[in-house]
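K.L.:
Enclosed is the structure file model12.cif (mmCIF, C-alpha atoms).
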```cif
data_entry
loop_
_atom_site.label_atom_id
_atom_site.label_comp_id
_atom_site.auth_asym_id
_atom_site.auth_seq_id
_atom_site.Cartn_x
_atom_site.Cartn_y
_atom_site.Cartn_z
CA MET A 878 121.37 103.30 101.12
CA LEU A 879 117.80 102.31 100.37
CA LYS A 880 117.55 99.45 102.84
CA GLU A 881 118.77 101.63 105.70
CA ARG A 882 116.37 104.44 104.75
CA LEU A 883 113.46 102.02 104.70
CA ASN A 884 114.59 100.54 108.00
CA ARG A 885 114.65 103.99 109.60
CA ALA A 886 111.17 104.74 108.29
CA LEU A 887 109.76 101.57 109.83
CA ILE A 888 111.51 102.17 113.15
CA SER A 889 110.22 105.75 113.23
CA VAL A 890 106.68 104.42 112.86
CA LEU A 891 107.28 102.06 115.77
CA GLU A 892 108.63 104.88 117.92
CA LEU A 893 105.54 106.97 117.25
CA ASP A 894 103.23 104.09 118.04
CA LYS A 895 101.56 104.50 121.44
CA CYS A 896 99.54 101.29 121.27
CA GLU A 897 100.26 97.69 122.18
CA VAL A 898 102.75 97.31 119.33
CA GLN A 899 105.23 99.50 121.17
CA ALA A 900 104.85 97.45 124.33
CA SER A 901 105.64 94.31 122.34
CA LEU A 902 109.04 95.70 121.34
CA ALA A 903 110.60 95.09 124.74
CA GLY A 904 113.56 92.75 124.47
CA ILE A 905 113.38 92.44 120.67
CA ASP A 906 116.44 93.14 118.55
CA LEU A 907 114.98 95.04 115.60
CA GLU A 908 118.07 94.94 113.42
CA PRO A 909 117.69 91.41 111.98
CA VAL A 910 113.89 91.44 111.68
CA CYS A 911 112.99 94.95 110.55
CA ILE A 912 113.85 95.00 106.84
CA THR A 913 115.39 92.21 104.78
CA SER A 914 115.99 91.76 101.06
CA SER A 915 113.09 89.91 99.52
CA ASN A 916 113.70 86.31 98.49
CA ARG A 917 110.86 86.72 95.98
CA PRO A 918 111.74 89.86 93.99
CA ARG A 919 108.54 89.67 91.95
CA PHE A 920 106.56 90.46 95.08
CA GLY A 921 108.73 93.29 96.37
CA ASP A 922 112.23 94.64 96.77
CA PHE A 923 112.26 94.25 100.55
CA SER A 924 110.13 92.56 103.15
CA SER A 925 109.66 92.55 106.91
CA SER A 926 108.59 89.77 109.25
CA LEU A 927 108.51 92.13 112.23
CA PRO A 928 104.73 91.73 112.80
CA LEU A 929 105.24 87.98 113.24
CA LYS A 930 107.98 88.63 115.77
CA LEU A 931 105.79 91.04 117.70
CA ALA A 932 102.75 88.76 117.71
CA GLY A 933 104.52 85.58 118.73
CA SER A 934 102.33 82.58 117.98
CA ASP A 935 99.15 84.62 117.48
CA GLY A 936 98.67 84.59 113.69
CA ALA A 937 95.58 86.80 113.70
CA LYS A 938 97.38 89.39 115.80
CA ALA A 939 100.37 89.35 113.42
CA LEU A 940 98.16 90.17 110.46
CA ALA A 941 96.46 92.99 112.40
CA ILE A 942 99.84 94.43 113.41
CA ALA A 943 101.06 94.25 109.80
CA GLN A 944 97.97 96.08 108.56
CA ASP A 945 98.35 98.74 111.26
CA LEU A 946 102.04 99.30 110.48
CA ALA A 947 101.29 99.49 106.75
CA LEU A 948 98.63 102.13 107.39
CA ARG A 949 101.01 104.18 109.52
CA MET A 950 103.86 103.90 107.01
CA ARG A 951 101.65 105.06 104.15
CA ALA A 952 100.98 108.23 106.14
CA LEU A 953 104.70 108.92 106.67
CA LYS A 954 106.33 111.27 104.16
CA GLU A 955 109.70 109.54 104.30
CA SER A 956 108.00 106.27 103.43
CA ASN A 957 106.09 107.77 100.52
CA ASP A 958 109.34 109.11 99.08
CA LEU A 959 110.66 105.54 98.98
CA ILE A 960 107.73 103.19 98.60
CA GLU A 961 105.68 102.83 95.46
CA GLU A 962 103.66 99.91 96.77
CA LEU A 963 103.31 98.44 100.26
CA SER A 964 101.39 95.20 100.64
CA VAL A 965 100.44 93.00 103.59
CA VAL A 966 100.64 89.24 103.13
CA ALA A 967 99.36 86.60 105.54
CA PRO A 968 100.30 85.53 108.09
CA GLY A 969 101.95 88.91 108.78
CA TYR A 970 104.55 90.01 106.25
CA LEU A 971 105.12 93.50 104.86
CA ASN A 972 106.33 93.67 101.25
CA PHE A 973 107.90 96.88 99.94
CA HIS A 974 108.16 97.82 96.26
CA LEU A 975 110.36 100.91 95.86
CA HIS A 976 109.87 103.81 93.47
CA THR A 977 111.88 103.37 90.28
CA THR A 978 113.18 106.90 90.85
CA CYS A 979 115.02 105.68 93.96
CA LEU A 980 116.70 102.91 91.98
CA ALA A 981 117.63 105.33 89.21
CA GLN A 982 119.21 107.66 91.77
CA VAL A 983 121.51 104.85 92.92
CA LEU A 984 122.73 104.38 89.35
CA GLY A 985 123.25 108.11 88.93
CA GLN A 986 125.31 108.22 92.10
CA ILE A 987 127.53 105.38 90.86
CA HIS A 988 128.14 107.18 87.57
CA ARG A 989 129.00 110.41 89.37
CA GLU A 990 131.29 108.96 92.02
CA LYS A 991 132.87 106.22 89.88
CA ARG A 992 135.92 104.81 91.72
CA SER A 993 134.98 106.49 94.99
CA TYR A 994 131.51 104.92 95.05
CA GLY A 995 130.91 102.85 98.16
CA GLN A 996 134.24 103.71 99.74
CA SER A 997 133.69 104.65 103.37
CA SER A 998 137.22 105.99 103.81
CA PRO A 999 139.79 107.15 101.23
CA GLY A 1000 142.63 105.17 102.77
CA GLN A 1001 140.73 101.93 103.02
CA ARG A 1002 143.07 98.97 103.06
CA ALA A 1003 143.13 96.42 100.28
CA LEU A 1004 142.21 92.81 100.87
CA PHE A 1005 143.75 89.90 99.00
CA LEU A 1006 141.79 86.67 98.95
CA GLU A 1007 143.15 83.49 97.46
CA ASN A 1008 140.90 81.77 94.95
CA HIS A 1009 140.26 78.82 97.27
CA GLN A 1010 139.15 81.27 99.99
CA LEU A 1011 136.66 82.88 97.62
CA ALA A 1012 135.43 79.47 96.54
CA ALA A 1013 134.85 78.45 100.15
CA ALA A 1014 133.07 81.72 100.92
CA ILE A 1015 130.70 81.24 98.00
CA GLY A 1016 130.05 77.61 98.83
CA PHE A 1017 132.24 75.93 96.21
CA ASP A 1018 134.38 72.93 97.00
CA PRO A 1019 137.90 74.42 96.69
CA GLY A 1020 139.09 71.10 95.27
CA MET A 1021 136.61 71.40 92.40
CA ILE A 1022 137.69 74.80 91.02
CA GLY A 1023 137.81 74.92 87.21
CA PRO A 1024 137.81 74.34 84.36
CA THR A 1025 134.83 76.63 83.64
CA SER A 1026 134.57 80.22 84.81
CA ARG A 1027 131.45 79.38 86.83
CA ARG A 1028 133.54 76.97 88.89
CA ASP A 1029 136.34 79.48 89.36
CA PRO A 1030 135.06 82.59 91.20
CA VAL A 1031 137.99 84.84 90.32
CA GLU A 1032 137.90 83.93 86.64
CA PHE A 1033 134.13 84.29 86.64
CA MET A 1034 134.37 87.87 87.91
CA ARG A 1035 137.00 88.63 85.27
CA TYR A 1036 134.87 87.02 82.58
CA VAL A 1037 131.79 89.05 83.54
CA TYR A 1038 133.71 92.30 83.62
CA ALA A 1039 135.38 91.64 80.25
CA ARG A 1040 132.11 90.65 78.56
CA CYS A 1041 130.30 93.73 79.84
CA MET A 1042 133.08 96.12 78.88
CA SER A 1043 133.14 94.51 75.44
CA LEU A 1044 129.39 95.05 75.11
CA LEU A 1045 129.76 98.71 76.05
CA ARG A 1046 132.42 99.10 73.35
CA LEU A 1047 130.24 97.33 70.78
CA ALA A 1048 127.53 99.90 71.42
CA GLN A 1049 129.80 102.37 69.65
CA GLU A 1050 130.73 100.17 66.68
CA GLU A 1051 129.10 99.09 63.43
CA TYR A 1052 127.71 95.58 63.50
CA PRO A 1053 126.61 93.06 60.84
CA ASN A 1054 122.88 92.67 60.30
CA THR A 1055 122.83 89.03 59.23
CA HIS A 1056 119.07 88.99 58.67
CA GLU A 1057 119.19 91.71 56.00
CA GLY A 1058 122.76 91.19 54.78
CA ARG A 1059 124.17 94.61 55.59
CA ILE A 1060 126.36 96.49 58.04
CA ASP A 1061 124.32 98.63 60.41
CA PRO A 1062 125.63 101.82 62.01
CA PRO A 1063 126.54 101.75 65.70
CA PRO A 1064 123.65 102.10 68.15
CA PHE A 1065 125.40 105.22 69.45
CA ASP A 1066 128.17 107.09 67.70
CA LYS A 1067 131.08 108.55 69.66
CA ALA A 1068 129.41 111.91 70.29
CA GLU A 1069 126.14 110.27 71.34
CA TRP A 1070 127.95 107.93 73.71
CA GLN A 1071 129.79 110.81 75.35
CA LYS A 1072 126.47 112.58 75.79
CA LEU A 1073 125.00 109.43 77.32
CA GLN A 1074 127.88 109.23 79.78
CA LYS A 1075 127.04 112.72 81.00
CA LEU A 1076 123.33 111.93 81.19
CA PHE A 1077 124.02 108.80 83.25
CA ALA A 1078 125.58 111.04 85.90
CA THR A 1079 123.10 113.91 85.76
CA GLU A 1080 119.68 112.72 84.55
CA CYS A 1081 118.37 109.79 86.57
CA SER A 1082 115.27 109.57 84.39
CA ILE A 1083 117.42 108.05 81.64
CA PHE A 1084 117.49 104.76 83.59
CA GLU A 1085 113.76 104.46 84.15
CA PRO A 1086 112.96 102.47 80.94
CA ALA A 1087 115.01 99.60 82.40
CA PHE A 1088 112.54 99.36 85.29
CA VAL A 1089 109.25 99.73 83.45
CA SER A 1090 109.68 97.27 80.58
CA GLN A 1091 108.05 93.86 80.78
CA GLY A 1092 109.44 90.46 81.70
CA GLU A 1093 112.34 89.03 83.62
CA ARG A 1094 114.65 91.93 82.80
CA VAL A 1095 112.84 94.27 85.20
CA VAL A 1096 113.27 91.81 88.07
CA LEU A 1097 116.96 91.35 87.24
CA ALA A 1098 117.51 95.12 86.94
CA ARG A 1099 115.90 95.87 90.29
CA THR A 1100 117.74 93.03 92.03
CA LEU A 1101 121.08 94.16 90.59
CA VAL A 1102 120.65 97.81 91.59
CA LEU A 1103 119.73 96.83 95.15
CA ARG A 1104 122.92 94.76 95.30
CA LEU A 1105 124.98 97.68 94.02
CA ASP A 1106 123.34 99.97 96.57
CA SER A 1107 124.55 97.81 99.45
CA MET A 1108 128.26 98.15 98.60
CA SER A 1109 129.04 100.76 101.25
CA SER A 1110 127.32 98.75 104.00
CA GLU A 1111 129.21 95.62 102.95
CA LEU A 1112 132.52 97.49 103.07
CA GLU A 1113 131.62 98.97 106.43
CA HIS A 1114 130.83 95.51 107.78
CA TRP A 1115 134.16 94.25 106.48
CA GLU A 1116 136.01 97.12 108.15
CA ASN A 1117 134.25 96.59 111.48
CA ALA A 1118 134.09 92.80 111.60
CA ASN A 1119 137.07 91.93 109.39
CA ASP A 1120 134.79 89.49 107.54
CA SER A 1121 136.77 89.13 104.34
CA LEU A 1122 134.91 86.05 103.14
CA ARG A 1123 131.58 87.85 103.26
CA LEU A 1124 133.01 90.65 101.14
CA GLY A 1125 134.31 88.12 98.62
CA ARG A 1126 130.91 86.46 98.50
CA TYR A 1127 129.25 89.84 97.94
CA ALA A 1128 131.61 90.59 95.03
CA TYR A 1129 130.67 87.28 93.43
CA GLU A 1130 126.96 88.04 93.89
CA VAL A 1131 127.42 91.39 92.17
CA ALA A 1132 129.19 89.67 89.27
CA THR A 1133 126.36 87.15 89.03
CA GLY A 1134 123.75 89.92 88.96
CA VAL A 1135 125.66 91.85 86.29
CA GLU A 1136 126.00 88.75 84.10
CA GLU A 1137 122.34 87.80 84.43
CA PHE A 1138 121.31 91.29 83.39
CA ARG A 1139 123.84 91.42 80.52
CA GLN A 1140 122.26 88.35 78.97
CA THR A 1141 118.99 90.25 78.51
CA VAL A 1142 120.50 93.04 76.38
CA ARG A 1143 119.79 92.79 72.64
CA PHE A 1144 121.30 95.42 70.32
CA GLN A 1145 119.31 94.72 67.19
CA THR A 1146 115.85 94.56 68.74
CA GLU A 1147 116.04 97.12 71.54
CA GLU A 1148 114.18 100.39 71.47
CA ARG A 1149 116.80 103.14 71.66
CA ALA A 1150 115.76 104.56 75.05
CA LEU A 1151 115.59 101.07 76.56
CA LEU A 1152 119.02 100.16 75.18
CA ALA A 1153 120.51 103.35 76.61
CA ALA A 1154 119.00 102.58 80.02
CA ALA A 1155 120.25 98.98 79.93
CA LEU A 1156 123.78 100.08 79.02
CA GLY A 1157 123.69 102.58 81.87
CA VAL A 1158 122.76 99.81 84.30
CA LEU A 1159 125.54 97.58 82.94
CA SER A 1160 128.10 100.37 83.11
CA ALA A 1161 127.22 101.02 86.76
CA GLY A 1162 127.52 97.31 87.51
CA CYS A 1163 130.97 97.20 85.91
CA GLN A 1164 132.06 100.19 87.97
CA VAL A 1165 131.01 98.57 91.25
CA LEU A 1166 132.62 95.28 90.22
CA SER A 1167 135.84 97.15 89.46
CA ASN A 1168 135.72 98.92 92.83
CA LEU A 1169 135.20 95.60 94.59
CA GLY A 1170 138.02 94.02 92.62
CA GLU A 1171 140.38 96.61 94.06
CA ARG A 1172 139.16 95.81 97.57
CA ILE A 1173 139.58 92.04 97.33
CA GLY A 1174 142.73 92.04 95.22
CA VAL A 1175 141.20 90.71 92.00
CA ALA A 1176 142.71 92.37 88.93
CA LEU A 1177 140.02 92.86 86.29
CA PRO A 1178 140.88 93.14 82.57
#
```
Would it be possible to restate this file's structure as structure tokens?

P.N.:
Amino acid sequence: MLKERLNRALISVLELDKCEVQASLAGIDLEPVCITSSNRPRFGDFSSSLPLKLAGSDGAKALAIAQDLALRMRALKESNDLIEELSVVAPGYLNFHLHTTCLAQVLGQIHREKRSYGQSSPGQRALFLENHQLAAAIGFDPGMIGPTSRRDPVEFMRYVYARCMSLLRLAQEEYPNTHEGRIDPPPFDKAEWQKLQKLFATECSIFEPAFVSQGERVVLARTLVLRLDSMSSELEHWENANDSLRLGRYAYEVATGVEEFRQTVRFQTEERALLAAALGVLSAGCQVLSNLGERIGVALP
């Protein structure tokens, strides 16, 4: 998991540090402050407020600590394997932008492992949440469920899964070109689609166009993959803490990320390599959503 790998890299830098930073660690719980998902994806995939925690109320010291940690992390091989860009932002934040190769590897793993992806143990028990429980976990008023799928978390997850699976099928079918008044061939015929399925599992580079194109899609793609990557840690937390509502909320967040990304896919205007990458991202999202559906007792179409 990318977040855990990044967390270990930062902690290893702290353990090697022989200066005042190490002395400041006494009594600090690193787990909640080391690495967190960025709330501003445009500026990085993850961030850390640890320098602020170490410096206390001394803003100048926090910035100096952040710059020192950034310098040390850039010199660490494990960090370089993960981080494409590491920036320091006042008053003392570290922002991490991961290599697209790392994100592509997550997608490749999902396509290889399929139904076993994210499962920490083969005999993991199933969880069955009522719709009102899911609604409460997500922050809905259970009395206000329906009539739209957005107001009904279970139906929303089913809707997202069905729409995405339909889109994947359409990629193999002829479609009407209304602008030119003709029927165009499928973006990928049956043989090409089968080849793509194999490439999704074996050639991570096939996903990279989804992360290097311009606009909002790149942000949505990166955010979605990071959500998919956290499935095993979410299941582990559920197993250890029996926090079923958190798992239900995570499943809804995955569905939301998949749907937001799906809305950016355009068959008729996409470059072929970019369309293949986008469909690979969607297919991985559907697989994780299906796996989560089994865990929380939501039957997907």

K.L.:
Around the point (136.1, 95.8, 88.1) in the file's coordinates, collect all residues with an atom within 10 Å, using only C-alpha atoms, and return them as number ranges by chain.

P.N.:
A: 992, 1034-1035, 1037-1039, 1042, 1128, 1132, 1162-1172, 1175-1178

K.L.:
With all atoms listed in the file as the counted atoms, please give the residues lying no more than 10 Å from Arg917 (chain A), apart from itself and same-chain residues fewer than 5 positions off, as a PyMOL selection string.

P.N.:
chain A and resi 922-924+972+1096

K.L.:
Taking all listed atoms of region 1132-1146 of chain A, build the axis-aligned box, pad each of the six sides by 6 Å, then write its centre and edge lengths in Å to one decimal as AutoDock Vina command-line options.

P.N.:
```
--center_x 122.5 --center_y 91.3 --center_z 78.2 --size_x 25.3 --size_y 20.3 --size_z 34.1
```

K.L.:
If you count only C-alpha atoms, which residues fall within 9 Å of Ala947 (chain A), apart from same-chain ones fewer than 2 positions away, as a PyMOL selection string?

P.N.:
chain A and resi 942-945+949-952+963-965+971

K.L.:
Would you kindly return, as a PyMOL selection string, each protein, DNA or RNA residue with an atom no farther than 12 Å from any atom of Pro1063 (chain A), considering only C-alpha atoms and excluding same-chain residues fewer than 3 positions away?

P.N.:
chain A and resi 1044-1054+1060+1066-1070+1144-1145+1149

K.L.:
Selection in question (the file shown): the PyMOL selection byres ((chain A and resi 915) around 10). Which residues does it include, as number ranges by chain?

P.N.:
A: 912-914, 916-925, 972-974, 1100

K.L.:
With C-alpha atoms retained, could you export that selection as a PDB file, in the coordinates of the input?

P.N.:
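That gives us part.pdb:
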```pdb
ATOM      1  CA  ILE A 912     113.850  95.000 106.840  1.00  0.00           C
ATOM      2  CA  THR A 913     115.390  92.210 104.780  1.00  0.00           C
ATOM      3  CA  SER A 914     115.990  91.760 101.060  1.00  0.00           C
ATOM      4  CA  ASN A 916     113.700  86.310  98.490  1.00  0.00           C
ATOM      5  CA  ARG A 917     110.860  86.720  95.980  1.00  0.00           C
ATOM      6  CA  PRO A 918     111.740  89.860  93.990  1.00  0.00           C
ATOM      7  CA  ARG A 919     108.540  89.670  91.950  1.00  0.00           C
ATOM      8  CA  PHE A 920     106.560  90.460  95.080  1.00  0.00           C
ATOM      9  CA  GLY A 921     108.730  93.290  96.370  1.00  0.00           C
ATOM     10  CA  ASP A 922     112.230  94.640  96.770  1.00  0.00           C
ATOM     11  CA  PHE A 923     112.260  94.250 100.550  1.00  0.00           C
ATOM     12  CA  SER A 924     110.130  92.560 103.150  1.00  0.00           C
ATOM     13  CA  SER A 925     109.660  92.550 106.910  1.00  0.00           C
ATOM     14  CA  ASN A 972     106.330  93.670 101.250  1.00  0.00           C
ATOM     15  CA  PHE A 973     107.900  96.880  99.940  1.00  0.00           C
ATOM     16  CA  HIS A 974     108.160  97.820  96.260  1.00  0.00           C
ATOM     17  CA  THR A1100     117.740  93.030  92.030  1.00  0.00           C
TER      18      THR A1100
END
```

K.L.:
Using all atoms listed in the file, determine which residues lie at most 12 Å from Ala1155 (chain A), disregarding the query and same-chain residues fewer than 2 positions distant; provide the list as an mmCIF file with C-alpha atoms, keeping the file's coordinate frame.

P.N.:
```cif
data_model
loop_
_atom_site.group_PDB
_atom_site.id
_atom_site.type_symbol
_atom_site.label_atom_id
_atom_site.label_comp_id
_atom_site.auth_asym_id
_atom_site.auth_seq_id
_atom_site.Cartn_x
_atom_site.Cartn_y
_atom_site.Cartn_z
ATOM 1 C CA ALA A 981 117.630 105.330 89.210
ATOM 2 C CA LEU A 984 122.730 104.380 89.350
ATOM 3 C CA CYS A 1041 130.300 93.730 79.840
ATOM 4 C CA LEU A 1044 129.390 95.050 75.110
ATOM 5 C CA LEU A 1045 129.760 98.710 76.050
ATOM 6 C CA ALA A 1048 127.530 99.900 71.420
ATOM 7 C CA LEU A 1073 125.000 109.430 77.320
ATOM 8 C CA PHE A 1077 124.020 108.800 83.250
ATOM 9 C CA ILE A 1083 117.420 108.050 81.640
ATOM 10 C CA PHE A 1084 117.490 104.760 83.590
ATOM 11 C CA GLU A 1085 113.760 104.460 84.150
ATOM 12 C CA PRO A 1086 112.960 102.470 80.940
ATOM 13 C CA ALA A 1087 115.010 99.600 82.400
ATOM 14 C CA PHE A 1088 112.540 99.360 85.290
ATOM 15 C CA VAL A 1089 109.250 99.730 83.450
ATOM 16 C CA SER A 1090 109.680 97.270 80.580
ATOM 17 C CA ARG A 1094 114.650 91.930 82.800
ATOM 18 C CA VAL A 1095 112.840 94.270 85.200
ATOM 19 C CA LEU A 1097 116.960 91.350 87.240
ATOM 20 C CA ALA A 1098 117.510 95.120 86.940
ATOM 21 C CA ARG A 1099 115.900 95.870 90.290
ATOM 22 C CA LEU A 1101 121.080 94.160 90.590
ATOM 23 C CA VAL A 1102 120.650 97.810 91.590
ATOM 24 C CA VAL A 1135 125.660 91.850 86.290
ATOM 25 C CA PHE A 1138 121.310 91.290 83.390
ATOM 26 C CA ARG A 1139 123.840 91.420 80.520
ATOM 27 C CA GLN A 1140 122.260 88.350 78.970
ATOM 28 C CA THR A 1141 118.990 90.250 78.510
ATOM 29 C CA VAL A 1142 120.500 93.040 76.380
ATOM 30 C CA ARG A 1143 119.790 92.790 72.640
ATOM 31 C CA PHE A 1144 121.300 95.420 70.320
ATOM 32 C CA GLU A 1147 116.040 97.120 71.540
ATOM 33 C CA GLU A 1148 114.180 100.390 71.470
ATOM 34 C CA ARG A 1149 116.800 103.140 71.660
ATOM 35 C CA ALA A 1150 115.760 104.560 75.050
ATOM 36 C CA LEU A 1151 115.590 101.070 76.560
ATOM 37 C CA LEU A 1152 119.020 100.160 75.180
ATOM 38 C CA ALA A 1153 120.510 103.350 76.610
ATOM 39 C CA GLY A 1157 123.690 102.580 81.870
ATOM 40 C CA VAL A 1158 122.760 99.810 84.300
ATOM 41 C CA LEU A 1159 125.540 97.580 82.940
ATOM 42 C CA SER A 1160 128.100 100.370 83.110
ATOM 43 C CA ALA A 1161 127.220 101.020 86.760
ATOM 44 C CA GLY A 1162 127.520 97.310 87.510
#
```

K.L.:
Could I see region 1032-1054 of chain A restored to N, CA and C atoms, set down as a compact mmCIF listing (two decimals), keeping the file's coordinate frame?

P.N.:
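As a result, result_19.txt now contains:
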```txt
# COMPACT_ATOMS: atom_id res chain seq x y z
N GLU A 1032 138.01 83.88 88.10
CA GLU A 1032 137.90 83.93 86.64
C GLU A 1032 136.49 84.32 86.20
N PHE A 1033 135.50 83.91 86.98
CA PHE A 1033 134.13 84.29 86.64
C PHE A 1033 133.96 85.80 86.73
N MET A 1034 134.48 86.42 87.78
CA MET A 1034 134.37 87.87 87.91
C MET A 1034 135.10 88.57 86.77
N ARG A 1035 136.26 88.05 86.40
CA ARG A 1035 137.00 88.63 85.27
C ARG A 1035 136.24 88.46 83.97
N TYR A 1036 135.65 87.29 83.79
CA TYR A 1036 134.87 87.02 82.58
C TYR A 1036 133.70 87.98 82.46
N VAL A 1037 132.96 88.16 83.55
CA VAL A 1037 131.79 89.05 83.54
C VAL A 1037 132.21 90.48 83.21
N TYR A 1038 133.26 90.93 83.85
CA TYR A 1038 133.71 92.30 83.62
C TYR A 1038 134.14 92.49 82.16
N ALA A 1039 134.90 91.53 81.63
CA ALA A 1039 135.38 91.64 80.25
C ALA A 1039 134.22 91.61 79.26
N ARG A 1040 133.25 90.73 79.47
CA ARG A 1040 132.11 90.65 78.56
C ARG A 1040 131.30 91.94 78.56
N CYS A 1041 131.10 92.50 79.74
CA CYS A 1041 130.30 93.73 79.84
C CYS A 1041 131.03 94.92 79.23
N MET A 1042 132.32 95.02 79.47
CA MET A 1042 133.08 96.12 78.88
C MET A 1042 133.11 95.98 77.36
N SER A 1043 133.18 94.74 76.88
CA SER A 1043 133.14 94.51 75.44
C SER A 1043 131.80 94.95 74.86
N LEU A 1044 130.72 94.65 75.57
CA LEU A 1044 129.39 95.05 75.11
C LEU A 1044 129.26 96.57 75.06
N LEU A 1045 129.82 97.25 76.04
CA LEU A 1045 129.76 98.71 76.05
C LEU A 1045 130.55 99.29 74.88
N ARG A 1046 131.66 98.64 74.52
CA ARG A 1046 132.42 99.10 73.35
C ARG A 1046 131.65 98.83 72.06
N LEU A 1047 130.99 97.67 71.98
CA LEU A 1047 130.24 97.33 70.78
C LEU A 1047 129.09 98.30 70.52
N ALA A 1048 128.61 98.93 71.59
CA ALA A 1048 127.53 99.90 71.42
C ALA A 1048 127.96 101.09 70.59
N GLN A 1049 129.28 101.24 70.41
CA GLN A 1049 129.80 102.37 69.65
C GLN A 1049 130.39 101.94 68.31
N GLU A 1050 130.13 100.69 67.90
CA GLU A 1050 130.73 100.17 66.68
C GLU A 1050 129.65 99.68 65.71
N GLU A 1051 129.99 99.69 64.42
CA GLU A 1051 129.10 99.09 63.43
C GLU A 1051 128.99 97.59 63.68
N TYR A 1052 127.86 97.02 63.29
CA TYR A 1052 127.71 95.58 63.50
C TYR A 1052 126.95 94.97 62.33
N PRO A 1053 127.25 93.70 62.00
CA PRO A 1053 126.61 93.06 60.84
C PRO A 1053 125.16 92.68 61.13
N ASN A 1054 124.28 93.07 60.23
CA ASN A 1054 122.88 92.67 60.30
C ASN A 1054 122.72 91.44 59.41
```
